$ cat data_28.cif   # mmCIF, C-alpha atoms and all ligand atoms
data_structure
loop_
_atom_site.label_atom_id
_atom_site.label_comp_id
_atom_site.auth_asym_id
_atom_site.auth_seq_id
_atom_site.Cartn_x
_atom_site.Cartn_y
_atom_site.Cartn_z
CA MET D 55 15.10 25.70 123.43
CA VAL D 56 16.39 24.26 120.19
CA ASN D 57 17.19 20.59 120.35
CA ALA D 58 20.31 18.99 118.95
CA LEU D 59 18.50 17.39 116.04
CA GLU D 60 17.14 20.71 114.87
CA VAL D 61 20.58 22.25 115.08
CA GLU D 62 21.93 19.36 113.05
CA GLU D 63 19.22 19.73 110.42
CA GLU D 64 19.93 23.42 110.20
CA MET D 65 23.61 22.72 109.63
CA GLU D 66 22.71 20.22 106.94
CA ALA D 67 20.52 22.80 105.33
CA GLU D 68 23.44 25.18 105.14
CA LYS D 69 25.65 22.70 103.31
CA ILE D 70 23.38 21.90 100.41
CA SER D 71 20.27 23.17 98.73
CA TRP D 72 18.11 21.23 96.28
CA LYS D 73 16.67 22.92 93.22
CA GLU D 74 14.22 21.54 90.72
CA ARG D 75 13.29 22.87 87.32
CA GLU D 76 11.53 21.15 84.45
CA GLY D 77 11.70 17.85 86.31
CA ILE D 78 15.49 18.04 86.76
CA ARG D 79 16.76 18.06 90.33
CA TYR D 80 20.20 19.37 91.17
CA LEU D 81 22.19 20.52 94.16
CA VAL D 82 23.77 23.86 94.84
CA PHE D 83 26.01 24.74 97.74
CA PRO D 84 25.07 27.78 99.83
CA GLN D 85 28.76 28.42 100.54
CA LEU D 86 29.31 29.14 96.85
CA GLU D 87 25.84 30.45 96.06
CA GLY D 88 26.19 33.09 98.75
CA THR D 89 29.08 34.80 96.97
CA GLY D 90 27.01 35.57 93.89
CA LEU D 91 30.16 35.00 91.82
CA VAL D 92 29.47 31.62 90.25
CA VAL D 93 26.95 29.42 88.51
CA HIS D 94 27.31 25.89 89.82
CA ALA D 95 25.46 22.62 90.18
CA PHE D 96 25.78 18.96 90.99
CA THR D 97 23.17 16.92 89.15
CA SER D 98 21.19 13.88 90.27
CA ARG D 99 19.89 10.87 88.36
CA PRO D 100 18.23 10.03 86.03
CA PRO D 101 20.01 12.02 83.31
CA ASP D 102 23.34 10.39 82.46
CA LEU D 103 25.67 13.23 81.53
CA GLY D 104 28.96 11.44 80.92
CA PHE D 105 30.04 9.90 77.64
CA GLY D 106 30.79 6.22 77.29
CA ARG D 107 27.82 4.25 78.52
CA ARG D 108 24.77 5.46 76.62
CA PRO D 109 24.54 6.56 72.97
CA ARG D 110 26.30 9.87 72.45
CA GLU D 111 23.15 11.52 71.07
CA GLU D 112 21.33 10.71 74.29
CA ILE D 113 24.10 12.23 76.42
CA LEU D 114 24.12 15.37 74.28
CA LYS D 115 20.36 15.67 74.62
CA ASN D 116 20.64 15.31 78.41
CA ARG D 117 23.45 17.85 78.59
CA ARG D 118 21.51 20.30 76.49
CA GLN D 119 18.47 19.98 78.75
CA VAL D 120 20.41 20.38 82.01
CA CYS D 121 22.46 23.27 80.67
CA HIS D 122 19.32 25.01 79.47
CA ILE D 123 17.99 24.92 83.03
CA LEU D 124 21.27 26.26 84.40
CA GLY D 125 21.46 29.01 81.80
CA VAL D 126 24.67 27.63 80.32
CA ASN D 127 25.43 26.90 76.67
CA PHE D 128 26.08 23.15 76.50
CA LEU D 129 28.50 23.68 73.62
CA CYS D 130 30.77 25.56 76.05
CA LEU D 131 31.15 22.77 78.64
CA THR D 132 34.86 22.35 79.25
CA ALA D 133 36.03 19.00 80.53
CA GLY D 134 39.21 17.08 81.23
CA GLU D 135 39.72 13.47 80.21
CA GLN D 136 39.66 12.22 83.87
CA VAL D 137 42.25 9.50 84.12
CA HIS D 138 42.37 9.11 87.93
CA GLN D 139 45.57 11.09 88.29
CA ALA D 140 46.23 14.64 89.40
CA GLU D 141 47.22 16.78 86.41
CA VAL D 142 45.57 20.19 86.45
CA SER D 143 44.87 22.28 83.38
CA THR D 144 44.69 26.06 83.38
CA VAL D 145 41.69 26.77 81.24
CA GLY D 146 41.67 29.83 79.03
CA ARG D 147 39.04 31.16 76.66
CA GLU D 148 40.59 29.08 73.86
CA ASP D 149 39.77 25.89 75.73
CA GLU D 150 36.07 26.61 75.96
CA GLY D 151 33.97 23.71 74.73
CA ARG D 152 36.70 21.07 74.87
CA GLY D 153 34.93 17.81 75.66
CA ALA D 154 31.47 19.29 75.13
CA LEU D 155 30.61 17.07 72.18
CA SER D 156 32.85 14.05 72.62
CA GLN D 157 35.10 12.36 75.14
CA GLU D 158 37.92 12.55 72.59
CA GLY D 159 37.67 16.32 72.61
CA ALA D 160 38.32 16.64 76.34
CA ILE D 161 41.58 18.12 77.63
CA PRO D 162 43.86 15.06 77.71
CA LYS D 163 45.05 13.41 80.91
CA VAL D 164 43.72 15.94 83.40
CA ASP D 165 41.61 15.45 86.50
CA GLY D 166 41.60 19.04 87.68
CA SER D 167 41.03 22.38 86.03
CA VAL D 168 41.31 26.00 87.10
CA SER D 169 40.21 29.19 85.40
CA ASN D 170 39.72 32.89 85.94
CA VAL D 171 37.84 33.40 82.68
CA SER D 172 34.21 34.27 83.15
CA ALA D 173 31.42 32.35 81.44
CA VAL D 174 33.55 29.25 80.77
CA PRO D 175 31.77 26.33 82.48
CA LEU D 176 34.23 23.84 83.94
CA VAL D 177 32.70 20.39 84.32
CA LEU D 178 33.52 16.93 85.49
CA PHE D 179 31.54 13.72 85.64
CA THR D 180 31.37 11.37 88.58
CA ALA D 181 29.56 8.37 90.03
CA ASP D 182 31.34 7.90 93.42
CA CYS D 183 34.58 9.85 93.04
CA VAL D 184 34.77 13.07 95.05
CA PRO D 185 34.04 16.23 93.07
CA LEU D 186 35.71 19.26 94.67
CA PHE D 187 34.59 22.80 93.88
CA PHE D 188 37.05 25.67 94.52
CA LEU D 189 36.33 29.39 94.55
CA ASP D 190 38.73 32.22 95.30
CA PRO D 191 36.31 35.12 95.75
CA VAL D 192 39.19 37.61 96.12
CA LYS D 193 41.06 36.87 92.89
CA ARG D 194 37.88 35.66 91.19
CA ALA D 195 39.16 32.28 90.16
CA ILE D 196 37.68 28.80 90.26
CA GLY D 197 38.77 25.19 90.17
CA LEU D 198 37.38 21.68 89.99
CA ALA D 199 39.02 18.42 91.00
CA HIS D 200 38.05 14.80 90.48
CA ALA D 201 39.32 12.54 93.24
CA GLY D 202 38.62 8.85 93.60
CA TRP D 203 41.14 6.88 95.60
CA ARG D 204 43.82 7.21 92.95
CA GLY D 205 43.30 10.93 92.51
CA THR D 206 43.22 11.40 96.26
CA LEU D 207 46.44 9.45 96.63
CA ALA D 208 47.98 11.65 93.92
CA ASN D 209 46.80 14.79 95.79
CA ALA D 210 44.49 16.09 93.05
CA ALA D 211 42.82 18.52 95.49
CA GLY D 212 46.12 19.90 96.73
CA LYS D 213 47.37 20.31 93.18
CA VAL D 214 44.38 22.44 92.27
CA VAL D 215 45.20 24.72 95.21
CA SER D 216 48.84 25.04 94.16
CA GLN D 217 47.86 25.67 90.56
CA MET D 218 45.51 28.46 91.66
CA LYS D 219 48.36 29.96 93.71
CA THR D 220 50.70 29.88 90.73
CA ALA D 221 48.27 30.96 88.04
CA TYR D 222 46.19 33.56 89.90
CA GLY D 223 48.04 34.46 93.07
CA THR D 224 45.34 32.79 95.14
CA ARG D 225 45.92 32.84 98.88
CA PRO D 226 44.80 29.45 100.22
CA GLU D 227 43.18 31.10 103.23
CA ASP D 228 40.77 32.87 100.89
CA LEU D 229 39.63 29.66 99.19
CA LEU D 230 36.14 28.25 99.63
CA VAL D 231 36.01 24.54 98.91
CA THR D 232 33.01 22.22 98.72
CA LEU D 233 33.13 18.43 98.49
CA GLY D 234 30.12 17.22 96.52
CA PRO D 235 28.22 13.95 96.86
CA SER D 236 30.49 10.93 96.55
CA ILE D 237 30.97 7.53 98.09
CA GLY D 238 31.18 7.89 101.86
CA PRO D 239 33.10 6.13 104.62
CA CYS D 240 29.85 4.22 105.27
CA CYS D 241 30.13 2.32 101.97
CA TYR D 242 33.61 2.57 100.49
CA GLN D 243 35.05 -0.80 101.28
CA VAL D 244 38.46 -1.29 99.68
CA GLY D 245 41.15 -3.95 99.72
CA GLU D 246 44.16 -4.13 101.97
CA GLU D 247 46.38 -3.04 99.07
CA VAL D 248 44.53 0.27 98.79
CA LEU D 249 44.45 0.83 102.55
CA SER D 250 48.18 0.26 102.73
CA LEU D 251 48.82 2.87 100.03
CA PHE D 252 47.18 5.31 102.45
CA HIS D 253 49.28 3.85 105.30
CA HIS D 254 46.00 2.69 106.87
CA ARG D 255 44.99 6.27 107.58
CA PHE D 256 41.45 7.56 106.86
CA SER D 257 40.11 4.09 107.50
CA ASP D 258 38.28 1.93 110.02
CA GLY D 259 40.27 -1.06 108.83
CA ARG D 260 37.92 -1.94 105.97
CA ARG D 261 36.56 1.23 104.48
CA LEU D 262 38.34 4.29 103.18
CA ASN D 263 37.23 7.82 104.06
CA LEU D 264 37.97 9.86 100.93
CA TRP D 265 36.30 12.90 102.47
CA GLU D 266 38.78 13.07 105.35
CA ALA D 267 41.74 12.33 103.11
CA ASN D 268 40.79 15.21 100.82
CA ARG D 269 40.16 17.52 103.77
CA GLU D 270 43.64 16.82 105.02
CA GLU D 271 45.15 17.58 101.61
CA LEU D 272 43.34 20.90 101.57
CA LEU D 273 44.41 21.76 105.11
CA SER D 274 48.03 20.98 104.34
CA GLU D 275 47.86 23.43 101.42
CA GLY D 276 46.68 26.14 103.80
CA VAL D 277 42.93 26.06 103.16
CA LYS D 278 41.09 27.01 106.34
CA ASP D 279 39.08 24.26 108.00
CA GLU D 280 36.02 26.50 108.32
CA ASN D 281 36.14 27.18 104.57
CA ILE D 282 35.85 23.49 103.67
CA VAL D 283 32.29 22.28 103.36
CA ASN D 284 31.71 18.56 102.98
CA SER D 285 28.21 17.92 101.70
CA GLU D 286 28.50 14.47 103.36
CA ILE D 287 26.09 12.82 100.99
CA CYS D 288 27.01 9.28 100.03
CA THR D 289 26.22 8.37 96.42
CA SER D 290 26.07 4.68 97.29
CA CYS D 291 23.54 5.20 100.11
CA HIS D 292 21.12 7.10 97.86
CA SER D 293 20.27 4.88 94.91
CA ASP D 294 17.14 6.86 94.08
CA ILE D 295 19.08 10.11 93.70
CA PHE D 296 22.59 9.30 92.49
CA PHE D 297 24.45 6.92 90.25
CA SER D 298 27.05 4.88 92.09
CA GLU D 299 29.56 2.81 90.18
CA ARG D 300 30.32 0.77 93.27
CA ARG D 301 26.67 -0.01 93.97
CA ASP D 302 25.27 -0.26 90.43
CA GLY D 303 28.29 -1.93 88.87
CA SER D 304 29.92 -0.76 85.70
CA PRO D 305 28.65 0.74 83.50
CA THR D 306 26.46 3.19 85.31
CA GLY D 307 25.61 6.81 84.53
CA ARG D 308 27.46 9.94 85.53
CA MET D 309 26.40 13.05 87.40
CA MET D 310 27.84 16.40 86.34
CA ALA D 311 29.66 18.87 88.54
CA LEU D 312 29.62 22.32 86.92
CA LEU D 313 31.32 25.53 88.05
CA MET D 314 31.48 28.77 86.10
CA LEU D 315 32.43 32.33 86.95
CA ARG D 316 29.64 34.75 86.20
CA SER D 317 30.34 37.49 83.69
ZN ZN N 401 27.11 5.21 102.07
#

$ encode --input "data_28.cif" --output "structure tokens" --more "lines below"
Ligand SMILES: [Zn+2]
Amino acid sequence: MVNALEVEEEMEAEKISWKEREGIRYLVFPQLEGTGLVVHAFTSRPPDLGFGRRPREEILKNRRQVCHILGVNFLCLTAGEQVHQAEVSTVGREDEGRGALSQEGAIPKVDGSVSNVSAVPLVLFTADCVPLFFLDPVKRAIGLAHAGWRGTLANAAGKVVSQMKTAYGTRPEDLLVTLGPSIGPCCYQVGEEVLSLFHHRFSDGRRLNLWEANREELLSEGVKDENIVNSEICTSCHSDIFFSERRDGSPTGRMMALLMLRS
């Protein structure tokens, strides 16, 4: 007999997998890993990988080290500006490396990106906001979305799905989507004004459940429930592993979500 706890632990084990190399720990998601089509990672602290809080040289050094471990050229990291909205950029070869060396170089005003170009690493940087990883294994296309409460309200996740449909002919039912570590319904207390923007849905009256709100956006775009994997790891609950803007106060560091089609 297998008891319920063991079953639960096994399910957990299927959602995430920790890797460690050269003292750097990062997460991969078996759902994506199993396809063999992508390189991907979600990093943990200590390295701060987002510009704006520590000296730029330090961030570049951290990025170089993490990218070395992942087998990715850090000069090729391709990032959006991340302005807590829901614009999605379609990333071509010519965009490679935008935002790799400076925040000013990032693709302006976007919180989502999609691509079907191999070996271009899409990245975003978070410290509570939900990072969403998208893979269409049929059309060989990928996407990333950054969704805090504003991005979620603006349907950033859903807009990545529609952009993949338009740009690559993606069928939503083929999409695999993973929600990476982010602030959970356990910790994300928000004000009445935010709850009311969500019409008091996805809430216990005090705290907002960004995971469920994003799941619903994906479902309403036609993504299959069984193809959505929520890693269900709260950044605020795990101070030893993740930065959390809410918990640490601003400024805190940033983890990196990276997704790249293999050549
Ligand atoms: Zn929590």

$ residues_near_point --input "data_28.cif" --point "(26.2, 39.5, 85.4)" --cutoff "10 Å" --atoms "only C-alpha atoms" --output "MDAnalysis selection string"
chainID D and resid 90:92 172:173 315:317

$ write_last_selection --input "data_28.cif" --atoms "C-alpha atoms" --output "mmCIF file, in the frame of the given file"
data_model
loop_
_atom_site.group_PDB
_atom_site.id
_atom_site.type_symbol
_atom_site.label_atom_id
_atom_site.label_comp_id
_atom_site.auth_asym_id
_atom_site.auth_seq_id
_atom_site.Cartn_x
_atom_site.Cartn_y
_atom_site.Cartn_z
ATOM 1 C CA GLY D 90 27.010 35.570 93.890
ATOM 2 C CA LEU D 91 30.160 35.000 91.820
ATOM 3 C CA VAL D 92 29.470 31.620 90.250
ATOM 4 C CA SER D 172 34.210 34.270 83.150
ATOM 5 C CA ALA D 173 31.420 32.350 81.440
ATOM 6 C CA LEU D 315 32.430 32.330 86.950
ATOM 7 C CA ARG D 316 29.640 34.750 86.200
ATOM 8 C CA SER D 317 30.340 37.490 83.690
#

$ residues_around --input "data_28.cif" --residues "Leu176 in chain D" --least-positions-apart "2" --cutoff "8 Å" --atoms "only C-alpha atoms" --output "list in words"
Leu131, Thr132, Ala133, Ser167, Val174, Leu178, Gly197, Leu198, Leu312, Leu313 and Met314 of chain D

$ closest_atom_pairs --input "data_28.cif" --of "range 141-225 of chain D" --to "range 267-289 of chain D" --cutoff "10 Å" --atoms "all atoms listed in the file" --output "Markdown table"
| residue | atom | partner | partner_atom | distance |
| --- | --- | --- | --- | --- |
| D:Thr180 | CA | D:Thr289 | CA | 9.8 |
| D:Ala181 | CA | D:Thr289 | CA | 7.2 |
| D:Asp182 | CA | D:Thr289 | CA | 6.0 |
| D:Cys183 | CA | D:Thr289 | CA | 9.1 |
| D:Val184 | CA | D:Asn268 | CA | 8.6 |
| D:Leu186 | CA | D:Asn268 | CA | 8.9 |
| D:Phe187 | CA | D:Val283 | CA | 9.8 |
| D:Phe188 | CA | D:Ile282 | CA | 9.5 |
| D:Ala201 | CA | D:Asn268 | CA | 8.2 |
| D:Gly202 | CA | D:Asn268 | CA | 9.9 |
| D:Trp203 | CA | D:Ala267 | CA | 9.3 |
| D:Gly205 | CA | D:Asn268 | CA | 9.7 |
| D:Thr206 | CA | D:Asn268 | CA | 6.4 |
| D:Leu207 | CA | D:Ala267 | CA | 8.5 |
| D:Asn209 | CA | D:Glu271 | CA | 6.7 |
| D:Ala210 | CA | D:Asn268 | CA | 8.7 |
| D:Ala211 | CA | D:Leu272 | CA | 6.5 |
| D:Gly212 | CA | D:Glu271 | CA | 5.5 |
| D:Lys213 | CA | D:Glu275 | CA | 8.8 |
| D:Val214 | CA | D:Leu272 | CA | 9.5 |
| D:Val215 | CA | D:Glu275 | CA | 6.9 |
| D:Ser216 | CA | D:Glu275 | CA | 7.5 |
| D:Arg225 | CA | D:Gly276 | CA | 8.3 |

$ residues_near_ligand --input "data_28.cif" --ligand "ligand ZN 401 (chain N)" --cutoff "7 Å" --atoms "all atoms listed in the file" --output "list in words"
Ile237, Gly238, Pro239, Cys240, Cys241, Cys288, Thr289, Ser290 and Cys291 of chain D

$ atom_distance --input "data_28.cif" --atom1 "CA of Leu155 in chain D" --atom2 "CA of Val142 in chain D"
20.9 Å

$ closest_residue --input "data_28.cif" --among "D:Arg308, D:Lys73, D:Arg261, D:His253" --to "Pro100 in chain D" --atoms "all atoms listed in the file"
D:Arg308

$ closest_residue --input "data_28.cif" --among "D:Asp258, D:Glu246, D:Glu112, D:Asp190" --to "Leu230 in chain D" --atoms "only C-alpha atoms"
D:Asp190
